[in-house]
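What's in my_file25.txt: compact mmCIF, C-alpha atoms
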```
# COMPACT_ATOMS: atom_id res chain seq x y z
CA MET A 2 18.67 34.95 -20.32
CA SER A 3 17.38 31.39 -20.16
CA GLU A 4 14.44 30.47 -22.38
CA THR A 5 12.78 28.44 -19.61
CA THR A 6 12.11 28.79 -15.89
CA ALA A 7 14.67 27.33 -13.51
CA HIS A 8 12.59 24.63 -11.82
CA LEU A 9 9.63 23.62 -13.99
CA ALA A 10 11.23 24.43 -17.37
CA LEU A 11 8.23 26.52 -18.39
CA PRO A 12 8.97 28.41 -21.65
CA PHE A 13 9.29 32.17 -21.47
CA ILE A 14 7.64 34.47 -23.99
CA MET A 15 10.57 36.26 -25.61
CA ALA A 16 10.71 39.87 -26.74
CA ALA A 17 9.34 40.45 -30.25
CA GLN A 18 8.33 36.78 -30.45
CA ALA A 19 5.73 35.87 -33.07
CA GLN A 20 2.78 33.64 -32.12
CA LYS A 21 3.23 34.27 -28.42
CA HIS A 22 0.12 32.25 -27.68
CA VAL A 23 1.97 29.05 -28.65
CA THR A 24 4.59 29.56 -25.92
CA HIS A 25 1.95 30.65 -23.40
CA ASN A 26 -0.23 27.61 -24.10
CA GLU A 27 2.79 25.29 -23.80
CA ALA A 28 3.52 26.71 -20.35
CA LEU A 29 -0.11 26.23 -19.31
CA ARG A 30 -0.01 22.65 -20.60
CA LEU A 31 3.07 21.89 -18.52
CA LEU A 32 1.59 23.50 -15.42
CA ASP A 33 -1.60 21.51 -15.87
CA GLY A 34 0.43 18.29 -16.04
CA ILE A 35 2.67 19.02 -13.06
CA VAL A 36 0.72 21.00 -10.46
CA GLN A 37 -1.31 18.91 -7.95
CA LEU A 38 0.24 15.83 -9.52
CA ALA A 39 -1.78 12.61 -9.36
CA VAL A 40 -0.86 9.57 -11.45
CA LEU A 41 -3.17 6.66 -12.16
CA ASP A 42 -0.54 3.91 -11.96
CA ARG A 43 3.24 3.44 -11.67
CA HIS A 44 3.59 -0.23 -12.57
CA LEU A 45 2.73 -0.27 -16.28
CA THR A 46 5.48 -0.83 -18.83
CA ALA A 47 3.30 -0.09 -21.88
CA PRO A 48 0.88 2.80 -22.48
CA PRO A 49 -2.82 2.01 -21.96
CA ALA A 50 -4.80 1.47 -25.15
CA SER A 51 -7.38 4.22 -24.62
CA PRO A 52 -6.10 6.97 -22.34
CA ALA A 53 -8.31 9.91 -21.43
CA GLU A 54 -7.24 13.51 -21.93
CA GLY A 55 -5.03 14.54 -19.02
CA ASP A 56 -4.23 11.01 -17.80
CA ARG A 57 -0.83 10.75 -16.11
CA TYR A 58 1.31 7.70 -15.38
CA ILE A 59 4.80 6.88 -14.14
CA PRO A 60 6.17 4.28 -16.58
CA ALA A 61 7.73 1.31 -14.80
CA SER A 62 11.23 -0.03 -15.39
CA GLY A 63 11.56 -1.55 -18.86
CA ALA A 64 8.90 0.67 -20.44
CA THR A 65 8.14 -0.03 -24.08
CA GLY A 66 6.37 1.51 -27.05
CA ALA A 67 5.70 5.24 -26.78
CA TRP A 68 7.09 5.08 -23.24
CA SER A 69 10.41 3.49 -24.21
CA GLY A 70 13.21 5.07 -22.17
CA TRP A 71 10.74 6.93 -19.95
CA ASP A 72 11.28 4.77 -16.84
CA GLY A 73 10.45 6.84 -13.76
CA SER A 74 9.43 9.90 -15.75
CA LEU A 75 5.91 11.28 -16.02
CA ALA A 76 3.85 10.22 -19.03
CA TYR A 77 1.12 12.80 -19.70
CA TRP A 78 -1.58 12.19 -22.36
CA ILE A 79 -2.43 15.57 -23.84
CA ASP A 80 -3.76 16.64 -27.26
CA GLY A 81 -3.74 13.06 -28.52
CA ALA A 82 -0.10 12.26 -27.72
CA TRP A 83 2.13 11.29 -24.81
CA MET A 84 4.28 14.04 -23.31
CA LYS A 85 7.35 13.13 -21.25
CA ILE A 86 7.97 15.25 -18.15
CA LEU A 87 11.17 14.75 -16.17
CA PRO A 88 10.64 15.00 -12.40
CA ALA A 89 13.04 16.87 -10.13
CA PRO A 90 14.10 15.69 -6.66
CA GLY A 91 11.41 16.44 -4.11
CA TRP A 92 8.45 16.24 -6.50
CA LEU A 93 5.40 14.65 -4.90
CA ALA A 94 2.74 12.57 -6.62
CA TRP A 95 -0.44 10.90 -5.46
CA VAL A 96 -0.79 7.36 -6.85
CA VAL A 97 -4.51 6.80 -7.36
CA ASP A 98 -4.57 2.99 -7.51
CA GLU A 99 -2.43 2.74 -4.35
CA SER A 100 -3.99 5.63 -2.38
CA GLN A 101 -0.57 6.82 -1.26
CA ALA A 102 1.82 9.72 -1.83
CA ILE A 103 5.27 9.13 -3.29
CA VAL A 104 8.33 11.36 -3.72
CA TRP A 105 11.06 11.43 -6.38
CA THR A 106 14.49 11.20 -4.74
CA GLY A 107 16.41 11.82 -7.95
CA ALA A 108 16.86 8.10 -8.47
CA ALA A 109 13.52 6.48 -7.58
CA TRP A 110 9.95 7.12 -6.51
CA ILE A 111 9.44 6.00 -2.91
CA PRO A 112 6.50 6.32 -0.50
CA VAL A 113 6.51 9.59 1.42
CA ALA A 114 6.05 7.56 4.61
CA ASN A 115 9.39 5.84 3.95
CA ALA A 116 11.20 9.01 2.91
CA MET A 117 10.08 10.89 6.03
CA GLY A 118 10.40 7.98 8.43
CA PHE A 119 6.67 7.99 9.17
CA ILE A 120 4.85 4.91 10.43
CA ALA A 121 1.77 4.40 8.30
CA GLN A 122 -1.38 2.79 9.60
CA SER A 123 -2.01 -0.43 7.71
CA ALA A 124 -2.22 -4.17 8.26
CA SER A 125 1.56 -4.53 8.05
CA VAL A 126 4.12 -1.75 8.52
CA ALA A 127 7.89 -1.46 8.87
CA VAL A 128 8.81 0.47 11.99
CA ALA A 129 12.56 0.28 11.38
CA ARG A 130 14.47 0.04 8.09
CA GLY A 131 18.20 -0.39 7.53
CA PRO A 132 20.23 1.12 4.68
CA ASN A 133 19.83 -2.11 2.68
CA ASN A 134 16.10 -2.41 3.43
CA GLY A 135 16.27 -4.93 6.24
CA THR A 136 13.13 -4.26 8.26
CA THR A 137 11.48 -4.86 11.59
CA GLY A 138 7.72 -4.77 11.22
CA ILE A 139 4.43 -5.02 13.07
CA SER A 140 1.46 -6.85 11.57
CA VAL A 141 -2.20 -7.39 12.39
CA LEU A 142 -3.97 -10.14 10.46
CA GLU A 143 -7.76 -10.36 10.78
CA GLU A 144 -10.45 -12.85 9.81
CA THR A 145 -14.09 -13.40 10.70
CA LEU A 146 -14.86 -17.10 11.14
CA THR A 147 -18.54 -17.51 10.31
CA GLY A 148 -20.94 -20.45 10.35
CA LEU A 149 -19.07 -22.25 13.13
CA SER A 150 -19.69 -25.98 13.03
CA GLY A 151 -18.20 -29.10 14.61
CA ALA A 152 -15.66 -29.55 17.36
CA THR A 153 -13.03 -27.14 16.00
CA ARG A 154 -12.57 -24.43 13.39
CA ASP A 155 -9.23 -23.38 11.93
CA SER A 156 -8.57 -19.95 10.49
CA SER A 157 -7.45 -19.25 6.93
CA ILE A 158 -4.99 -16.65 8.21
CA ALA A 159 -1.92 -17.83 10.09
CA ILE A 160 0.85 -16.61 12.32
CA PRO A 161 3.53 -16.16 9.65
CA ASN A 162 6.61 -18.33 9.46
CA ARG A 163 9.52 -16.62 11.30
CA ALA A 164 7.19 -14.13 13.00
CA ILE A 165 7.12 -13.38 16.72
CA ALA A 166 3.57 -13.64 18.00
CA LEU A 167 2.44 -11.22 20.69
CA GLY A 168 -1.09 -12.53 20.99
CA VAL A 169 -4.44 -13.21 19.37
CA SER A 170 -7.54 -11.19 20.18
CA ALA A 171 -11.09 -12.41 19.58
CA ARG A 172 -14.61 -11.02 19.47
CA THR A 173 -17.84 -13.01 19.26
CA VAL A 174 -19.72 -11.09 16.56
CA THR A 175 -22.67 -13.51 16.28
CA ALA A 176 -23.80 -15.53 19.30
CA ILE A 177 -22.33 -19.02 19.28
CA THR A 178 -24.72 -21.95 19.51
CA GLY A 179 -24.06 -25.57 20.48
CA ALA A 180 -21.00 -24.84 22.61
CA THR A 181 -21.19 -23.23 26.05
CA SER A 182 -17.74 -21.62 25.63
CA TYR A 183 -14.70 -21.97 23.40
CA ASP A 184 -10.92 -21.95 23.52
CA CYS A 185 -8.68 -19.91 21.21
CA GLY A 186 -5.29 -21.36 20.39
CA ILE A 187 -3.42 -23.49 17.89
CA ALA A 188 -3.58 -27.19 17.06
CA ALA A 189 -0.97 -28.14 19.67
CA GLU A 190 -2.27 -25.80 22.40
CA ALA A 191 -6.02 -25.34 22.29
CA SER A 192 -6.22 -22.51 24.85
CA LYS A 193 -2.92 -20.78 24.11
CA PHE A 194 -4.65 -17.43 23.54
CA GLY A 195 -7.58 -17.88 25.89
CA GLY A 196 -9.76 -20.57 27.45
CA SER A 197 -13.50 -20.83 28.16
CA LEU A 198 -14.27 -17.66 26.18
CA GLY A 199 -17.77 -16.18 26.02
CA VAL A 200 -20.30 -17.29 23.41
CA ALA A 201 -22.61 -14.28 23.75
CA MET A 202 -22.49 -11.63 21.02
CA GLY A 203 -20.02 -8.91 22.00
CA SER A 204 -17.84 -11.12 24.19
CA THR A 205 -14.14 -10.30 23.73
CA ASN A 206 -10.72 -11.54 24.77
CA ILE A 207 -7.20 -10.20 24.35
CA GLY A 208 -5.02 -13.29 24.43
CA VAL A 209 -1.52 -11.93 25.02
CA ILE A 210 1.41 -14.29 25.46
CA GLY A 211 5.10 -13.97 26.18
CA PRO A 212 6.46 -13.14 22.71
CA GLN A 213 7.05 -16.43 20.90
CA ALA A 214 8.77 -17.17 17.59
CA PHE A 215 6.96 -19.44 15.12
CA TYR A 216 8.86 -21.42 12.50
CA ALA A 217 5.95 -22.40 10.26
CA ASN A 218 2.73 -20.74 9.15
CA THR A 219 0.39 -21.56 12.04
CA PRO A 220 -3.40 -21.17 11.79
CA ILE A 221 -5.52 -20.22 14.78
CA ARG A 222 -7.92 -22.89 16.08
CA LEU A 223 -11.19 -22.33 17.92
CA THR A 224 -12.20 -25.35 20.00
CA ALA A 225 -15.79 -25.81 21.18
CA LYS A 226 -16.42 -26.64 24.85
CA GLY A 227 -19.58 -28.13 26.38
CA GLY A 228 -20.74 -29.33 22.95
CA SER A 229 -19.92 -28.86 19.29
CA PHE A 230 -20.37 -25.61 17.41
CA THR A 231 -23.69 -25.38 15.58
CA GLY A 232 -23.52 -21.71 14.62
CA GLY A 233 -22.09 -18.30 15.37
CA ALA A 234 -19.19 -16.16 14.26
CA VAL A 235 -15.93 -15.04 15.85
CA ARG A 236 -13.59 -12.34 14.57
CA ILE A 237 -9.92 -12.90 15.35
CA ALA A 238 -6.81 -10.74 15.02
CA ILE A 239 -3.23 -12.05 15.07
CA HIS A 240 -0.75 -9.53 16.50
CA CYS A 241 2.90 -10.16 15.63
CA LEU A 242 6.36 -8.79 14.87
CA THR A 243 8.03 -9.56 11.53
CA CYS A 244 11.59 -9.43 10.21
CA GLY A 245 12.49 -8.58 6.61
CA VAL A 246 15.86 -9.57 5.14
CA PRO A 247 18.09 -6.87 3.57
CA ASN A 248 18.53 -6.59 -0.18
```
Since I need it in another form, could you write the structure as structure tokens?
Amino acid sequence: MSETTAHLALPFIMAAQAQKHVTHNEALRLLDGIVQLAVLDRHLTAPPASPAEGDRYIPASGATGAWSGWDGSLAYWIDGAWMKILPAPGWLAWVVDESQAIVWTGAAWIPVANAMGFIAQSASVAVARGPNNGTTGISVLEETLTGLSGATRDSSIAIPNRAIALGVSARTVTAITGATSYDCGIAAEASKFGGSLGVAMGSTNIGVIGPQAFYANTPIRLTAKGGSFTGGAVRIAIHCLTCGVPN
């Protein structure tokens, strides 16, 4: 008969065993470390200086100190010392600082969304992934341009280099003053994503274009019409497709 359980390696209490509470407490300690697994971080290579009782981490590649050789394992701070727990394929963990679930494949921890082929909702997601991690993605980049002033205003965000732009949408979130309308575009084409747009609060525009590839990071430009900007705010969103090279 094995001395531990098949999957979680919990120690059995053996017949005629002395100090049975030691074995029982060890099993409880392991269960407490494994069940409903949530780790604080998976990118540290050295243990934190002042861990709290019950803290759990996944040591990153090249782990040092008390975590040396523990890459990808679970590091569990219990009773004043680090305990190493080896994960089995299919184990799930919630990563607190990333707010995402990951799964152990037997070789690496990967996001559950990737393992299951889900499409997550975020600012930039891969909707297709090849065996060597080449990706096709969709991105939405947003910025609120406040305190509009002068003849033009360029965004800090940009259509990424080598992206395919689908359009730029805009919403006037604070009434624009000075100008009677505005264009939304880029430096070379002022109204590429919409011309003579509304200055009243709540005015919107969805500036779709025929998909176009961009070969440099390209900011969005708002151009005042009927006078210069003297105030107001516009929220913009860049909608584009992205390509990621394989490993």
Could you give me, as a PyMOL selection string, the residues within 7 Å of Ala61 (chain A), counting only C-alpha atoms and dropping anything in the same chain fewer than 4 positions from it?
chain A and resi 43-46+72-73
Go ahead and save the picked residues with C-alpha atoms, as a compact mmCIF listing (two decimals), in the coordinates of the input.
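part.txt was written with the following content:
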```
# COMPACT_ATOMS: atom_id res chain seq x y z
CA ARG A 43 3.24 3.44 -11.67
CA HIS A 44 3.59 -0.23 -12.57
CA LEU A 45 2.73 -0.27 -16.28
CA THR A 46 5.48 -0.83 -18.83
CA ASP A 72 11.28 4.77 -16.84
CA GLY A 73 10.45 6.84 -13.76
```
If you measure from CA of Ala225 (chain A) to CA of Ala166 (chain A), what distance in Å do you get, rounded to one decimal?
23.1 Å
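What separates CA of Gly55 (chain A) from CA of Ser74 (chain A) is a distance of 15.5 Å.
Separating CA of Gly168 (chain A) from CA of Gly138 (chain A) is a distance of 15.3 Å.
The residue that comes closest to Thr145 (chain A), out of A:Leu41, A:Ala238, A:Ala47, A:Val200 and on the basis of only C-alpha atoms, is A:Ala238.
Here the question is which of A:Ile59, A:Gly245, A:Val40, A:Pro52 gets nearest to Ser100 (chain A) using all atoms listed in the file, and that residue is A:Val40.
Closest approach to Val209 (chain A) from the set A:Gly186, A:Pro88, A:Pro112, A:Gly179 is made by A:Gly186, with distances taken over all atoms listed in the file.
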Which residues are near Gly199 (chain A)? Cut-off 8 Å, only C-alpha atoms, ignore same chain within fewer than 5 positions. Put them as a count of residues only.
6
Anything within 8 Å of (-15.6, -20.1, 11.2): list those residues as a tab-separated table (two decimals) with C-alpha atoms, in the frame of the given file, counting all atoms listed in the file and sticking to the file's coordinates.
```tsv
chain	number	residue	atom	x	y	z
A	145	THR	CA	-14.09	-13.40	10.70
A	146	LEU	CA	-14.86	-17.10	11.14
A	147	THR	CA	-18.54	-17.51	10.31
A	148	GLY	CA	-20.94	-20.45	10.35
A	149	LEU	CA	-19.07	-22.25	13.13
A	150	SER	CA	-19.69	-25.98	13.03
A	154	ARG	CA	-12.57	-24.43	13.39
A	155	ASP	CA	-9.23	-23.38	11.93
A	156	SER	CA	-8.57	-19.95	10.49
A	233	GLY	CA	-22.09	-18.30	15.37
A	234	ALA	CA	-19.19	-16.16	14.26
A	235	VAL	CA	-15.93	-15.04	15.85
```
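Among the candidate residues A:Ile239, A:Ala129, A:Leu75, A:Ala114, the one lying nearest to Ala171 (chain A) is A:Ile239, with distances computed using all atoms listed in the file.
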May I have the residues at most 9 Å from (19.5, -3.7, 5.4) in the file's coordinates, counting only C-alpha atoms, as a PyMOL selection string?
chain A and resi 130-136+245-248
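When all atoms listed in the file are used to compute distances to Leu87 (chain A), the closest of the residues A:Leu242, A:Ala214, A:Ala108, A:Leu198 turns out to be A:Ala108.
Among the candidates A:Ala188, A:Ala152, A:Val169, A:Ala217, the one nearest to Ser229 (chain A) when counting all atoms listed in the file is A:Ala152.
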Just the residues within 6 Å of Asp184 (chain A), please, counting all atoms listed in the file, with nothing from its chain fewer than 3 positions along; format it as an MDAnalysis selection string.
chainID A and resid 192 195:197 223:224
If we count only C-alpha atoms, what is near Trp95 (chain A) at a cut-off of 10 Å, once residues fewer than 3 positions away on the same chain are taken out, given as a list in words?
Gln37, Leu38, Ala39, Val40, Leu41, Asp42, Asp98, Glu99, Ser100, Gln101, Ala102, Ile103, Val104, Pro112 and Val113 of chain A
Set the distance at 8 Å and use all atoms listed in the file: which residues neighbour Trp105 (chain A) once local chain neighbours fewer than 3 positions away are removed? I'd like the list as a short mmCIF file (atom, residue, chain, number, x, y, z; two decimals) with C-alpha atoms, in the frame of the given file.
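result36.cif written:
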```cif
data_model
loop_
_atom_site.label_atom_id
_atom_site.label_comp_id
_atom_site.auth_asym_id
_atom_site.auth_seq_id
_atom_site.Cartn_x
_atom_site.Cartn_y
_atom_site.Cartn_z
CA PRO A 88 10.64 15.00 -12.40
CA ALA A 89 13.04 16.87 -10.13
CA PRO A 90 14.10 15.69 -6.66
CA GLY A 91 11.41 16.44 -4.11
CA TRP A 92 8.45 16.24 -6.50
CA LEU A 93 5.40 14.65 -4.90
CA ALA A 108 16.86 8.10 -8.47
CA ALA A 109 13.52 6.48 -7.58
CA TRP A 110 9.95 7.12 -6.51
CA ILE A 111 9.44 6.00 -2.91
#
```
Provide region 121-153 of chain A rebuilt to N, CA and C atoms, formatted as a compact mmCIF listing (two decimals), keeping the file's coordinate frame.
```txt
# COMPACT_ATOMS: atom_id res chain seq x y z
N ALA A 121 3.13 4.36 8.84
CA ALA A 121 1.77 4.40 8.30
C ALA A 121 0.87 3.45 9.07
N GLN A 122 -0.42 3.69 8.99
CA GLN A 122 -1.38 2.79 9.60
C GLN A 122 -1.90 1.84 8.52
N SER A 123 -1.54 0.59 8.63
CA SER A 123 -2.01 -0.43 7.71
C SER A 123 -1.86 -1.78 8.37
N ALA A 124 -2.25 -2.83 7.67
CA ALA A 124 -2.22 -4.17 8.26
C ALA A 124 -0.80 -4.63 8.57
N SER A 125 0.17 -4.14 7.82
CA SER A 125 1.56 -4.53 8.05
C SER A 125 2.46 -3.34 7.74
N VAL A 126 3.26 -2.91 8.72
CA VAL A 126 4.12 -1.75 8.52
C VAL A 126 5.52 -2.05 9.02
N ALA A 127 6.51 -1.40 8.39
CA ALA A 127 7.89 -1.46 8.87
C ALA A 127 8.12 -0.30 9.81
N VAL A 128 8.56 -0.59 11.02
CA VAL A 128 8.81 0.47 11.99
C VAL A 128 10.30 0.83 12.07
N ALA A 129 11.14 -0.01 11.47
CA ALA A 129 12.56 0.28 11.38
C ALA A 129 13.07 -0.29 10.06
N ARG A 130 13.96 0.46 9.40
CA ARG A 130 14.47 0.04 8.09
C ARG A 130 15.94 0.38 8.00
N GLY A 131 16.77 -0.61 7.67
CA GLY A 131 18.20 -0.39 7.53
C GLY A 131 18.55 0.16 6.17
N PRO A 132 19.82 0.53 5.96
CA PRO A 132 20.23 1.12 4.68
C PRO A 132 20.08 0.17 3.51
N ASN A 133 20.03 -1.13 3.76
CA ASN A 133 19.83 -2.11 2.68
C ASN A 133 18.44 -2.75 2.74
N ASN A 134 17.51 -2.03 3.39
CA ASN A 134 16.10 -2.41 3.43
C ASN A 134 15.80 -3.63 4.29
N GLY A 135 16.67 -3.99 5.19
CA GLY A 135 16.27 -4.93 6.24
C GLY A 135 15.26 -4.22 7.14
N THR A 136 14.20 -4.92 7.51
CA THR A 136 13.13 -4.26 8.26
C THR A 136 12.72 -5.03 9.51
N THR A 137 12.21 -4.29 10.47
CA THR A 137 11.48 -4.86 11.59
C THR A 137 10.07 -4.31 11.49
N GLY A 138 9.08 -5.20 11.47
CA GLY A 138 7.72 -4.77 11.22
C GLY A 138 6.74 -5.23 12.28
N ILE A 139 5.56 -4.64 12.22
CA ILE A 139 4.43 -5.02 13.07
C ILE A 139 3.27 -5.34 12.14
N SER A 140 2.59 -6.45 12.42
CA SER A 140 1.46 -6.85 11.57
C SER A 140 0.24 -7.20 12.41
N VAL A 141 -0.93 -6.93 11.84
CA VAL A 141 -2.20 -7.39 12.39
C VAL A 141 -2.95 -8.09 11.27
N LEU A 142 -3.23 -9.36 11.45
CA LEU A 142 -3.97 -10.14 10.46
C LEU A 142 -5.34 -10.46 11.04
N GLU A 143 -6.39 -10.17 10.28
CA GLU A 143 -7.76 -10.36 10.78
C GLU A 143 -8.57 -11.30 9.90
N GLU A 144 -9.50 -11.99 10.54
CA GLU A 144 -10.45 -12.85 9.81
C GLU A 144 -11.69 -13.04 10.66
N THR A 145 -12.84 -13.06 10.01
CA THR A 145 -14.09 -13.40 10.70
C THR A 145 -14.47 -14.82 10.33
N LEU A 146 -14.51 -15.69 11.34
CA LEU A 146 -14.86 -17.10 11.14
C LEU A 146 -16.36 -17.24 11.34
N THR A 147 -17.08 -17.45 10.26
CA THR A 147 -18.54 -17.51 10.31
C THR A 147 -19.04 -18.94 10.17
N GLY A 148 -20.32 -19.13 10.50
CA GLY A 148 -20.94 -20.45 10.35
C GLY A 148 -20.19 -21.53 11.10
N LEU A 149 -19.83 -21.27 12.35
CA LEU A 149 -19.07 -22.25 13.13
C LEU A 149 -19.82 -23.57 13.22
N SER A 150 -19.07 -24.65 13.03
CA SER A 150 -19.69 -25.98 13.03
C SER A 150 -18.65 -27.02 13.43
N GLY A 151 -19.09 -28.00 14.23
CA GLY A 151 -18.20 -29.10 14.61
C GLY A 151 -17.41 -28.80 15.87
N ALA A 152 -16.43 -29.65 16.13
CA ALA A 152 -15.66 -29.55 17.36
C ALA A 152 -14.62 -28.45 17.32
N THR A 153 -14.07 -28.18 16.13
CA THR A 153 -13.03 -27.14 16.00
C THR A 153 -13.23 -26.38 14.70
```
